[in-house]
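Have a look at model-v9.cif; it's mmCIF, C-alpha atoms:
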data_entry
#
loop_
_atom_site.label_atom_id
_atom_site.label_comp_id
_atom_site.auth_asym_id
_atom_site.auth_seq_id
_atom_site.Cartn_x
_atom_site.Cartn_y
_atom_site.Cartn_z
CA MET Q 1 30.13 158.55 -33.23
CA ILE Q 2 28.91 155.27 -31.76
CA VAL Q 3 31.44 152.45 -31.41
CA PHE Q 4 30.26 148.86 -30.93
CA ASN Q 5 31.41 145.29 -31.37
CA PRO Q 6 29.77 143.86 -34.52
CA GLU Q 7 30.35 140.29 -33.39
CA LYS Q 8 27.94 140.64 -30.44
CA ASP Q 9 24.21 140.93 -31.41
CA ALA Q 10 25.06 143.25 -34.27
CA GLU Q 11 21.70 142.87 -36.04
CA LEU Q 12 19.69 143.66 -32.92
CA PHE Q 13 21.92 146.61 -32.13
CA LEU Q 14 21.58 148.03 -35.64
CA ALA Q 15 17.81 147.65 -35.60
CA GLU Q 16 17.55 149.41 -32.24
CA MET Q 17 19.84 152.18 -33.46
CA ASP Q 18 17.69 152.66 -36.59
CA ARG Q 19 14.59 153.03 -34.43
CA GLU Q 20 16.26 155.62 -32.23
CA ILE Q 21 17.45 157.61 -35.27
CA TYR Q 22 13.98 157.50 -36.84
CA SER Q 23 12.34 158.63 -33.62
CA PHE Q 24 14.78 161.48 -33.15
CA ASN Q 25 14.47 162.77 -36.72
CA LYS Q 26 10.66 162.54 -36.59
CA ASN Q 27 10.37 164.73 -33.49
CA SER Q 28 13.22 167.17 -33.99
CA ARG Q 29 13.96 170.03 -36.38
CA HIS Q 30 17.61 168.85 -36.40
CA ARG Q 31 18.44 165.82 -38.51
CA LEU Q 32 20.63 163.07 -37.03
CA THR Q 33 22.93 161.11 -39.33
CA VAL Q 34 24.95 158.15 -38.08
CA ALA Q 35 27.95 156.71 -39.90
CA ARG Q 36 28.40 153.07 -38.98
CA GLY Q 37 31.77 151.40 -38.76
CA TYR Q 38 33.53 148.50 -37.17
CA SER Q 39 35.70 148.66 -34.08
CA LEU Q 40 37.74 145.64 -35.14
CA ILE Q 41 41.19 146.35 -36.54
CA ARG Q 42 43.35 143.84 -38.35
CA ASP Q 43 46.94 143.62 -37.08
CA GLU Q 44 50.05 142.99 -39.19
CA ASP Q 45 49.57 139.21 -38.83
CA GLY Q 46 46.00 139.39 -40.14
CA ASN Q 47 44.27 138.89 -36.78
CA LEU Q 48 41.13 140.88 -35.92
CA LYS Q 49 41.34 142.74 -32.61
CA THR Q 50 38.93 145.03 -30.82
CA ILE Q 51 39.93 148.53 -29.78
CA SER Q 52 39.94 147.33 -26.18
CA GLU Q 53 42.39 144.56 -27.04
CA TRP Q 54 44.65 146.99 -28.89
CA LYS Q 55 44.60 149.38 -25.92
CA TYR Q 56 45.37 146.58 -23.47
CA GLU Q 57 48.33 145.41 -25.56
CA ALA Q 58 49.64 148.96 -25.93
CA ASP Q 59 49.38 149.57 -22.18
CA GLU Q 60 51.09 146.27 -21.45
CA ALA Q 61 53.91 147.04 -23.89
CA LEU Q 62 54.38 150.47 -22.35
CA TYR Q 63 54.54 148.92 -18.87
CA GLN Q 64 57.08 146.31 -19.94
CA ASN Q 65 59.21 148.91 -21.71
CA LYS Q 66 59.31 151.07 -18.59
CA ARG Q 67 60.10 148.05 -16.44
CA LYS Q 68 62.94 146.90 -18.70
CA GLY Q 69 64.31 150.35 -19.41
CA GLY Q 70 63.96 151.58 -15.85
CA ARG Q 71 62.62 154.89 -17.14
CA GLN Q 72 60.17 156.37 -19.60
CA GLY Q 73 61.42 155.89 -23.10
CA GLY Q 74 62.20 152.18 -22.94
CA LEU Q 75 62.13 150.64 -26.41
CA ASN Q 76 60.13 147.67 -27.62
CA MET Q 77 62.19 146.50 -30.59
CA LYS Q 78 60.11 145.67 -33.66
CA LYS Q 79 60.26 142.02 -34.63
CA LEU Q 80 61.67 141.54 -38.12
CA ASN Q 81 60.85 138.75 -40.53
CA LEU Q 82 64.35 137.45 -41.27
CA THR Q 83 65.06 134.83 -43.88
CA GLN Q 84 66.88 131.77 -42.62
CA LYS Q 85 67.92 130.46 -46.01
CA GLY Q 86 71.47 130.81 -47.21
CA ASP Q 87 71.08 133.63 -49.73
CA LYS Q 88 74.56 135.16 -49.59
CA VAL Q 89 76.37 135.95 -52.85
CA PHE Q 90 79.59 134.46 -51.44
CA PRO Q 91 80.41 130.89 -50.31
CA LYS Q 92 79.77 129.93 -46.70
CA SER Q 93 82.87 129.40 -44.57
CA ASP Q 94 83.25 126.30 -42.40
CA LYS Q 95 85.66 128.20 -40.14
CA VAL Q 96 83.02 130.41 -38.52
CA ASP Q 97 79.67 130.12 -36.79
CA HIS Q 98 76.85 132.23 -38.18
CA LYS Q 99 73.54 133.46 -36.82
CA LYS Q 100 70.99 136.20 -37.45
CA VAL Q 101 70.72 139.00 -34.90
CA THR Q 102 68.81 142.25 -34.52
CA PHE Q 103 69.41 145.48 -32.64
CA HIS Q 104 67.95 148.98 -32.59
CA ASN Q 105 69.35 152.43 -33.19
CA ARG Q 106 68.68 155.63 -31.25
CA TYR Q 107 65.76 156.47 -33.56
CA GLY Q 108 63.92 153.28 -32.67
CA ILE Q 109 64.62 151.51 -35.97
CA THR Q 110 65.35 147.78 -35.72
CA LEU Q 111 68.37 146.67 -37.72
CA ALA Q 112 69.07 143.20 -39.07
CA ALA Q 113 72.54 141.70 -39.08
CA ASP Q 114 74.50 138.52 -39.65
CA MET Q 115 76.89 137.65 -36.83
CA TYR Q 116 80.05 135.67 -37.57
CA THR Q 117 82.09 134.12 -34.76
CA PRO Q 118 85.37 132.17 -35.10
CA LYS Q 119 84.67 128.46 -34.51
CA GLY Q 120 85.81 127.33 -31.09
CA ALA Q 121 86.50 130.86 -29.88
CA GLU Q 122 86.52 131.36 -26.12
CA GLY Q 123 86.56 134.38 -23.86
CA LYS Q 124 85.92 137.97 -24.81
CA LEU Q 125 86.81 138.78 -28.43
CA PRO Q 126 87.62 141.96 -30.32
CA ALA Q 127 84.63 142.86 -32.49
CA ILE Q 128 84.02 144.64 -35.80
CA ALA Q 129 80.80 145.98 -37.34
CA VAL Q 130 80.68 146.12 -41.15
CA SER Q 131 78.30 147.83 -43.59
CA GLY Q 132 78.15 148.92 -47.20
CA PRO Q 133 78.46 149.48 -50.06
CA PHE Q 134 75.94 152.28 -50.54
CA GLY Q 135 72.81 150.59 -51.90
CA ALA Q 136 73.96 147.06 -51.07
CA VAL Q 137 72.80 144.56 -48.45
CA LYS Q 138 74.59 142.42 -45.87
CA GLU Q 139 74.41 139.37 -48.12
CA GLN Q 140 76.81 141.10 -50.50
CA SER Q 141 80.19 142.73 -49.85
CA SER Q 142 79.81 143.56 -46.15
CA GLY Q 143 78.97 139.96 -45.34
CA LEU Q 144 82.02 138.76 -47.21
CA TYR Q 145 84.24 141.12 -45.21
CA ALA Q 146 82.58 140.13 -41.93
CA GLN Q 147 82.95 136.42 -42.60
CA LYS Q 148 86.62 136.74 -43.56
CA MET Q 149 87.47 138.92 -40.55
CA ALA Q 150 85.79 136.31 -38.34
CA GLU Q 151 88.07 133.69 -39.88
CA LEU Q 152 90.94 135.93 -38.80
CA GLY Q 153 89.84 135.92 -35.16
CA PHE Q 154 87.29 138.73 -34.73
CA LEU Q 155 83.64 138.52 -33.79
CA THR Q 156 81.86 140.45 -36.55
CA ILE Q 157 78.47 141.61 -37.68
CA ALA Q 158 77.41 142.74 -41.15
CA PHE Q 159 74.24 144.82 -40.94
CA ASP Q 160 71.64 146.28 -43.27
CA PRO Q 161 71.35 150.05 -42.73
CA SER Q 162 68.02 151.60 -41.74
CA TYR Q 163 65.24 151.47 -44.37
CA THR Q 164 67.05 148.83 -46.47
CA GLY Q 165 67.43 145.07 -46.77
CA GLU Q 166 65.91 143.17 -43.86
CA SER Q 167 66.23 146.12 -41.48
CA GLY Q 168 63.23 148.14 -40.38
CA GLY Q 169 62.22 151.72 -41.05
CA THR Q 170 59.62 153.32 -43.30
CA PRO Q 171 59.42 154.59 -45.91
CA ARG Q 172 61.75 152.13 -47.58
CA TYR Q 173 64.90 152.89 -49.57
CA VAL Q 174 65.87 156.10 -47.77
CA ALA Q 175 69.41 157.15 -46.84
CA SER Q 176 70.34 159.77 -44.26
CA PRO Q 177 73.76 161.14 -43.28
CA ASP Q 178 72.58 161.34 -39.68
CA ILE Q 179 70.63 158.11 -39.29
CA ASN Q 180 73.13 156.01 -41.23
CA THR Q 181 76.00 157.33 -39.11
CA GLU Q 182 73.88 156.42 -36.09
CA ASP Q 183 73.48 152.89 -37.50
CA PHE Q 184 77.21 152.31 -36.96
CA CYS Q 185 76.99 153.70 -33.41
CA ALA Q 186 73.99 151.43 -32.76
CA ALA Q 187 76.05 148.45 -33.92
CA VAL Q 188 78.63 149.44 -31.31
CA ASP Q 189 75.83 149.57 -28.70
CA PHE Q 190 74.90 146.01 -29.60
CA LEU Q 191 78.43 144.63 -29.66
CA SER Q 192 79.29 146.34 -26.38
CA VAL Q 193 76.78 144.26 -24.41
CA GLN Q 194 77.56 140.85 -25.90
CA GLU Q 195 78.97 138.43 -23.34
CA ASN Q 196 81.71 137.27 -25.71
CA VAL Q 197 82.85 140.76 -26.78
CA ASP Q 198 85.38 143.02 -25.08
CA PRO Q 199 83.64 146.45 -25.18
CA GLU Q 200 87.02 148.19 -25.15
CA ARG Q 201 88.06 146.46 -28.40
CA ILE Q 202 85.47 147.40 -31.02
CA GLY Q 203 86.14 148.63 -34.55
CA ILE Q 204 84.15 149.26 -37.71
CA ILE Q 205 84.57 148.76 -41.46
CA GLY Q 206 82.65 150.88 -43.96
CA ILE Q 207 82.62 150.09 -47.68
CA CYS Q 208 81.96 152.62 -50.46
CA GLY Q 209 79.40 155.19 -49.22
CA TRP Q 210 79.49 153.57 -45.81
CA GLY Q 211 83.21 154.28 -45.67
CA GLY Q 212 82.32 157.95 -45.29
CA MET Q 213 79.65 157.09 -42.72
CA ALA Q 214 82.19 155.01 -40.79
CA ILE Q 215 84.64 157.92 -40.57
CA ASN Q 216 81.76 160.17 -39.52
CA ALA Q 217 80.83 157.65 -36.82
CA ALA Q 218 84.44 157.56 -35.60
CA ALA Q 219 84.30 161.34 -35.20
CA ILE Q 220 81.30 161.14 -32.83
CA ASP Q 221 81.71 157.76 -31.08
CA THR Q 222 84.73 157.48 -28.78
CA ARG Q 223 83.97 153.78 -28.19
CA ILE Q 224 85.19 153.03 -31.72
CA LYS Q 225 88.88 152.23 -31.39
CA ALA Q 226 89.69 151.58 -35.07
CA THR Q 227 88.01 152.36 -38.39
CA ALA Q 228 88.71 151.02 -41.88
CA ALA Q 229 87.15 152.84 -44.83
CA MET Q 230 87.32 150.72 -47.97
CA THR Q 231 86.99 152.29 -51.44
CA MET Q 232 85.10 155.10 -49.72
CA TYR Q 233 82.65 157.65 -51.08
CA ASP Q 234 81.76 160.92 -49.39
CA MET Q 235 78.09 160.78 -50.35
CA THR Q 236 77.40 164.35 -49.25
CA ARG Q 237 80.21 165.68 -51.43
CA VAL Q 238 79.23 163.78 -54.56
CA THR Q 239 75.55 164.70 -54.08
CA ALA Q 240 76.25 168.40 -53.60
CA ASN Q 241 79.10 168.79 -56.09
CA GLY Q 242 78.65 166.02 -58.65
CA TYR Q 243 81.34 163.55 -59.64
CA PHE Q 244 84.85 165.01 -59.54
CA ASP Q 245 83.28 168.25 -58.19
CA SER Q 246 82.20 169.09 -61.74
CA GLU Q 247 78.92 170.67 -60.57
CA ASP Q 248 80.25 172.56 -57.56
CA SER Q 249 78.27 175.79 -57.93
CA GLU Q 250 75.39 177.49 -56.19
CA GLN Q 251 73.33 177.45 -59.38
CA ALA Q 252 73.82 173.72 -59.94
CA ARG Q 253 72.80 172.98 -56.36
CA PHE Q 254 69.77 175.27 -56.70
CA GLU Q 255 68.58 173.40 -59.77
CA ARG Q 256 69.08 170.08 -58.00
CA ARG Q 257 67.15 171.28 -54.95
CA LYS Q 258 64.38 172.59 -57.16
CA ALA Q 259 64.03 169.27 -58.99
CA LEU Q 260 64.06 167.25 -55.78
CA ASN Q 261 61.47 169.44 -54.07
CA THR Q 262 59.25 169.23 -57.13
CA GLN Q 263 59.51 165.46 -56.78
CA ARG Q 264 58.53 165.75 -53.11
CA THR Q 265 55.26 167.37 -54.13
CA GLU Q 266 54.60 164.65 -56.69
CA ASP Q 267 55.36 161.92 -54.17
CA TYR Q 268 52.93 163.44 -51.68
CA LYS Q 269 50.21 163.70 -54.35
CA ASN Q 270 50.77 160.11 -55.41
CA GLY Q 271 51.06 158.70 -51.90
CA ALA Q 272 54.23 156.86 -52.89
CA TYR Q 273 57.92 157.59 -53.34
CA ALA Q 274 59.40 157.46 -56.83
CA LEU Q 275 62.53 155.32 -57.13
CA ALA Q 276 65.69 156.61 -58.76
CA GLY Q 277 66.56 153.24 -60.29
CA GLY Q 278 69.50 151.01 -59.45
CA VAL Q 279 72.51 150.38 -61.65
CA VAL Q 280 71.54 151.15 -65.24
CA ASP Q 281 70.21 148.12 -67.12
CA PRO Q 282 70.61 147.44 -69.99
CA LEU Q 283 74.12 148.81 -69.95
CA PRO Q 284 74.77 151.46 -72.65
CA GLU Q 285 77.75 150.78 -74.88
CA ASP Q 286 79.19 154.22 -74.11
CA ALA Q 287 78.80 153.91 -70.33
CA PRO Q 288 81.79 155.12 -68.27
CA GLN Q 289 84.09 152.35 -67.11
CA PHE Q 290 83.08 152.72 -63.47
CA VAL Q 291 79.42 152.22 -64.42
CA LYS Q 292 80.43 149.06 -66.27
CA ASP Q 293 82.24 147.95 -63.13
CA TYR Q 294 79.10 148.54 -61.03
CA TYR Q 295 77.05 146.57 -63.57
CA ALA Q 296 79.53 143.69 -63.46
CA TYR Q 297 78.99 143.41 -59.71
CA TYR Q 298 75.36 144.30 -59.04
CA LYS Q 299 73.67 143.00 -62.19
CA THR Q 300 75.40 139.66 -62.69
CA PRO Q 301 75.55 136.46 -60.63
CA ARG Q 302 78.80 137.77 -59.15
CA GLY Q 303 76.94 140.13 -56.80
CA TYR Q 304 73.23 140.36 -57.68
CA HIS Q 305 70.83 140.08 -54.73
CA PRO Q 306 67.04 140.50 -54.81
CA ARG Q 307 67.03 142.82 -51.77
CA SER Q 308 69.88 145.01 -53.02
CA LEU Q 309 68.82 148.52 -54.04
CA ASN Q 310 71.59 148.80 -56.61
CA SER Q 311 70.67 145.45 -58.11
CA ASN Q 312 67.05 146.53 -58.48
CA GLY Q 313 64.99 149.74 -58.17
CA GLY Q 314 67.45 151.92 -56.28
CA TRP Q 315 66.91 154.61 -53.66
CA ASN Q 316 63.99 157.01 -53.38
CA VAL Q 317 64.63 159.98 -55.65
CA THR Q 318 64.21 162.43 -52.77
CA SER Q 319 66.63 160.50 -50.56
CA SER Q 320 69.37 162.82 -51.84
CA LEU Q 321 67.87 165.95 -50.26
CA SER Q 322 69.50 165.70 -46.85
CA PHE Q 323 72.88 164.92 -48.43
CA LEU Q 324 72.74 168.27 -50.21
CA ASN Q 325 72.43 170.13 -46.95
CA MET Q 326 74.32 168.13 -44.30
CA PRO Q 327 77.97 167.49 -45.18
CA ILE Q 328 79.63 164.71 -43.21
CA LEU Q 329 83.31 164.60 -42.14
CA GLN Q 330 83.20 168.14 -40.74
CA TYR Q 331 85.03 167.06 -37.60
CA SER Q 332 87.12 164.22 -39.00
CA SER Q 333 90.29 166.12 -38.07
CA GLU Q 334 89.37 165.58 -34.43
CA ILE Q 335 89.28 161.77 -34.62
CA ARG Q 336 91.78 160.43 -32.10
CA SER Q 337 91.30 156.73 -32.81
CA ALA Q 338 93.04 154.84 -35.61
CA VAL Q 339 91.79 155.16 -39.19
CA LEU Q 340 92.86 153.16 -42.26
CA LEU Q 341 91.69 154.22 -45.73
CA VAL Q 342 92.09 151.71 -48.56
CA HIS Q 343 91.48 152.58 -52.20
CA GLY Q 344 92.22 151.21 -55.65
CA GLU Q 345 94.77 153.01 -57.81
CA LYS Q 346 92.42 152.95 -60.82
CA ALA Q 347 89.22 153.74 -58.91
CA HIS Q 348 87.19 156.74 -60.13
CA SER Q 349 86.43 157.43 -56.45
CA ARG Q 350 90.02 157.56 -55.24
CA TYR Q 351 89.87 161.31 -54.66
CA PHE Q 352 87.38 160.82 -51.82
CA SER Q 353 89.91 158.84 -49.77
CA GLU Q 354 92.76 161.18 -50.62
CA THR Q 355 90.78 164.23 -49.47
CA ALA Q 356 89.52 162.48 -46.35
CA TYR Q 357 93.05 161.37 -45.44
CA SER Q 358 94.38 164.91 -45.86
CA LYS Q 359 92.02 166.10 -43.12
CA LEU Q 360 92.96 163.41 -40.59
CA THR Q 361 95.52 164.10 -37.90
CA GLY Q 362 97.79 161.92 -35.79
CA ASP Q 363 100.27 159.15 -36.50
CA ASN Q 364 97.59 156.43 -36.31
CA LYS Q 365 96.08 157.37 -39.68
CA GLU Q 366 97.03 155.66 -42.95
CA LEU Q 367 96.08 155.70 -46.64
CA LEU Q 368 96.78 152.50 -48.58
CA ILE Q 369 96.51 152.54 -52.39
CA ILE Q 370 96.13 149.13 -54.05
CA PRO Q 371 98.04 149.06 -57.39
CA GLY Q 372 95.87 148.44 -60.45
CA ALA Q 373 92.60 148.04 -58.49
CA ASN Q 374 89.33 149.72 -59.45
CA HIS Q 375 86.46 150.73 -57.16
CA THR Q 376 84.52 147.45 -57.16
CA ASP Q 377 87.59 145.21 -56.93
CA LEU Q 378 87.52 146.04 -53.22
CA TYR Q 379 83.95 144.75 -52.96
CA ASP Q 380 84.73 141.08 -53.38
CA GLN Q 381 88.03 140.26 -55.06
CA MET Q 382 89.80 138.18 -52.42
CA ASP Q 383 93.20 138.53 -54.10
CA VAL Q 384 92.85 142.33 -54.12
CA ILE Q 385 91.30 143.14 -50.72
CA PRO Q 386 94.24 143.45 -48.29
CA PHE Q 387 92.91 141.21 -45.53
CA LYS Q 388 96.38 140.67 -44.06
CA LYS Q 389 96.68 144.42 -43.67
CA LEU Q 390 93.22 144.66 -42.14
CA LYS Q 391 94.05 141.88 -39.69
CA ALA Q 392 97.29 143.59 -38.62
CA PHE Q 393 95.57 147.00 -38.35
CA PHE Q 394 92.76 145.78 -36.12
CA GLU Q 395 95.04 143.56 -34.05
CA GLU Q 396 97.25 146.55 -33.34
CA TYR Q 397 94.51 148.97 -32.35
CA LEU Q 398 92.05 146.53 -30.76
CA LYS Q 399 94.58 144.98 -28.41
#
Just give me the structure as structure tokens.
Amino acid sequence: MIVFNPEKDAELFLAEMDREIYSFNKNSRHRLTVARGYSLIRDEDGNLKTISEWKYEADEALYQNKRKGGRQGGLNMKKLNLTQKGDKVFPKSDKVDHKKVTFHNRYGITLAADMYTPKGAEGKLPAIAVSGPFGAVKEQSSGLYAQKMAELGFLTIAFDPSYTGESGGTPRYVASPDINTEDFCAAVDFLSVQENVDPERIGIIGICGWGGMAINAAAIDTRIKATAAMTMYDMTRVTANGYFDSEDSEQARFERRKALNTQRTEDYKNGAYALAGGVVDPLPEDAPQFVKDYYAYYKTPRGYHPRSLNSNGGWNVTSSLSFLNMPILQYSSEIRSAVLLVHGEKAHSRYFSETAYSKLTGDNKELLIIPGANHTDLYDQMDVIPFKKLKAFFEEYLK
């Protein structure tokens, strides 16, 4: 292989190379074939760079990472293209300051977040990281929670989990019980080093499927002093057992594994990942009530967002594989910090919170059932979400 710069005397170089090839083939019993190519590579911004320039930039980045990190393994956080327009599905509050921030998790994925700070706040504040629901983005329910908790005196961030929303990670639209638990821990990393945050007073809020991830994070991360799981799902349980544990059998799981692994082969052949689809649309007349509730949030102006998986194409089909094999909450009984579970009385998912609560130990654990509320009421209904309770809970355990 011969590598050259086509922008410098390319025609003369090619002519000379042709003569050399002709001369060699004429006088040798072995035939020489040369495949010609360009050494210029286009970067993500569309700029042409030579291999030498790419190598110089890589070496420089490696040097800077080592210098900043003080050791091999320093991380150069990927720059994200974050929108600056106000595209939240909830009204902006004039009681808080807002800005976009980014941070990275332990797997090198850059996460995007909205930070909300009480206006006029001084000194080091208690902080809360918020994420969820499963398949939503920070412009939806988690942002609403974060903004309201900031009004109540906490510095908060609402973040997009890895592979979704404005956060990094490829392929897109993948969930992972490990990586998504790590996302919460990474949020704690970020909050811990903010000048206006008290690192000893950090809590988390997980909504829907991220309620289960939040409890899982509390089981591993002793820096988390208080956890609220709102209308939680245990995504590993529902994936492995079906809704209401109706498919809890080895044969049912085998068939699910078989179908998902068949899809893996197809995805590899096609060079792309098939999507499972978001909330069903159009909505069937005989859809279960909880599906109608999801539709009413994700598919209408109430909660629709163009980056939301549930509002659009959904997760990758094969994203469910790891949830079949890696149950979360295995060590939830060992959580020493405070945990509050909140669920609606009428929610189809209520059994997740009840089971999770039954495994918790200690007098700093609580299950609150909201009379008459369904699963999605706790996404955005301000007269249903018990913000006074949340304020009192976090004030007590983040003091």
| message | Could you list, as number ranges by chain, every residue within 9 Å of Q:Leu191, counting all atoms listed in the file and ignoring same-chain residues fewer than 4 positions away? | response | Q: 127-129, 156-157, 186-187, 195-199, 202
How about saving the chosen residues, C-alpha atoms kept, as a PDB file, in the frame of the given file?
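File again-v4.pdb, as written:
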ATOM      1  CA  ALA Q 127      84.630 142.860 -32.490  1.00  0.00           C
ATOM      2  CA  ILE Q 128      84.020 144.640 -35.800  1.00  0.00           C
ATOM      3  CA  ALA Q 129      80.800 145.980 -37.340  1.00  0.00           C
ATOM      4  CA  THR Q 156      81.860 140.450 -36.550  1.00  0.00           C
ATOM      5  CA  ILE Q 157      78.470 141.610 -37.680  1.00  0.00           C
ATOM      6  CA  ALA Q 186      73.990 151.430 -32.760  1.00  0.00           C
ATOM      7  CA  ALA Q 187      76.050 148.450 -33.920  1.00  0.00           C
ATOM      8  CA  GLU Q 195      78.970 138.430 -23.340  1.00  0.00           C
ATOM      9  CA  ASN Q 196      81.710 137.270 -25.710  1.00  0.00           C
ATOM     10  CA  VAL Q 197      82.850 140.760 -26.780  1.00  0.00           C
ATOM     11  CA  ASP Q 198      85.380 143.020 -25.080  1.00  0.00           C
ATOM     12  CA  PRO Q 199      83.640 146.450 -25.180  1.00  0.00           C
ATOM     13  CA  ILE Q 202      85.470 147.400 -31.020  1.00  0.00           C
TER      14      ILE Q 202
END
| field | Residue among Q:Gly108, Q:Lys95, Q:His375, Q:Gly165 lying closest to Q:Asn81, counting all atoms listed in the file | value |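 Comparing Q:Gly108, Q:Lys95, Q:His375, Q:Gly165 against Q:Asn81, the winner is Q:Gly165.
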| List as a list in words: which residues have an atom within 10 Å of (70.3, 157.8, -47.1), counting all atoms listed in the file? |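 Checked against the point, the hits come out as Phe134, Gly135, Pro161, Ser162, Tyr163, Thr164, Tyr173, Val174, Ala175, Ser176, Pro177, Asp178, Ile179, Asn180, Thr181, Gly209, Met235, Thr236, Trp315, Asn316, Thr318, Ser319, Ser320, Leu321, Ser322 and Phe323 of chain Q.
Going from atom CA of Q:His343 to atom CA of Q:Ala392 covers 17.3 Å.
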| When distances are computed from all atoms listed in the file, which of Q:Asp267, Q:Glu16, Q:Asp380, Q:Asp286 shows the smallest separation from Q:Leu144? | Q:Asp380
| message | Using all atoms listed in the file, can you tell me which of Q:Ala274, Q:Ala229, Q:Leu324, Q:Ala338 comes closest to Q:Tyr397? | response | Q:Ala338
| task | Using all atoms listed in the file, determine which residues lie at most 7 Å from stretch 212-219 of chain Q, disregarding the query and same-chain residues fewer than 5 positions distant; provide the list as a ChimeraX atom specification. | result | /Q:180-181,184-185,204-206,224,227,229,232-234,328-329,331-332,334-335
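Coordinates place atom CA of Q:Lys100 at a distance of 18.4 Å from atom CA of Q:Gly120.
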| On this structure, which residues satisfy the PyMOL selection byres ((chain Q and resi 358-374) around 6), written as a list in words? | Ser333, Ala338, Val339, Leu340, Leu341, Val342, His343, Gly344, Glu345, Lys346, Ala347, Thr355, Ala356, Tyr357, His375, Thr376 and Asp377 of chain Q
| said: One decimal, in Å: what's the spacing between atom CA of Q:Arg307 and atom CA of Q:Asp281? | reply: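 Rounded to one decimal, the two atoms are 16.5 Å apart.
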| Within 10 Å of Q:Glu396 using only C-alpha atoms, minus same-chain residues under 5 positions, as a PyMOL selection string | chain Q and resi 226+338+390-391
| For Q:Phe290, which residue out of Q:Thr262, Q:Asn270, Q:Asn325, Q:Ser349 is the nearest one, using all atoms listed in the file? |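 Using all atoms listed in the file, the shortest distance to Q:Phe290 belongs to Q:Ser349.
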| task | Give me the result of the PyMOL selection byres ((chain Q and resi 159) around 6) on this file, residue by residue, as a ChimeraX atom specification. | result | /Q:112-113,131,138,158,160
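Nearest residue to Q:Gln147, choosing from Q:Val188, Q:Val96, Q:Ala287, Q:Leu398 and counting only C-alpha atoms: Q:Val96.
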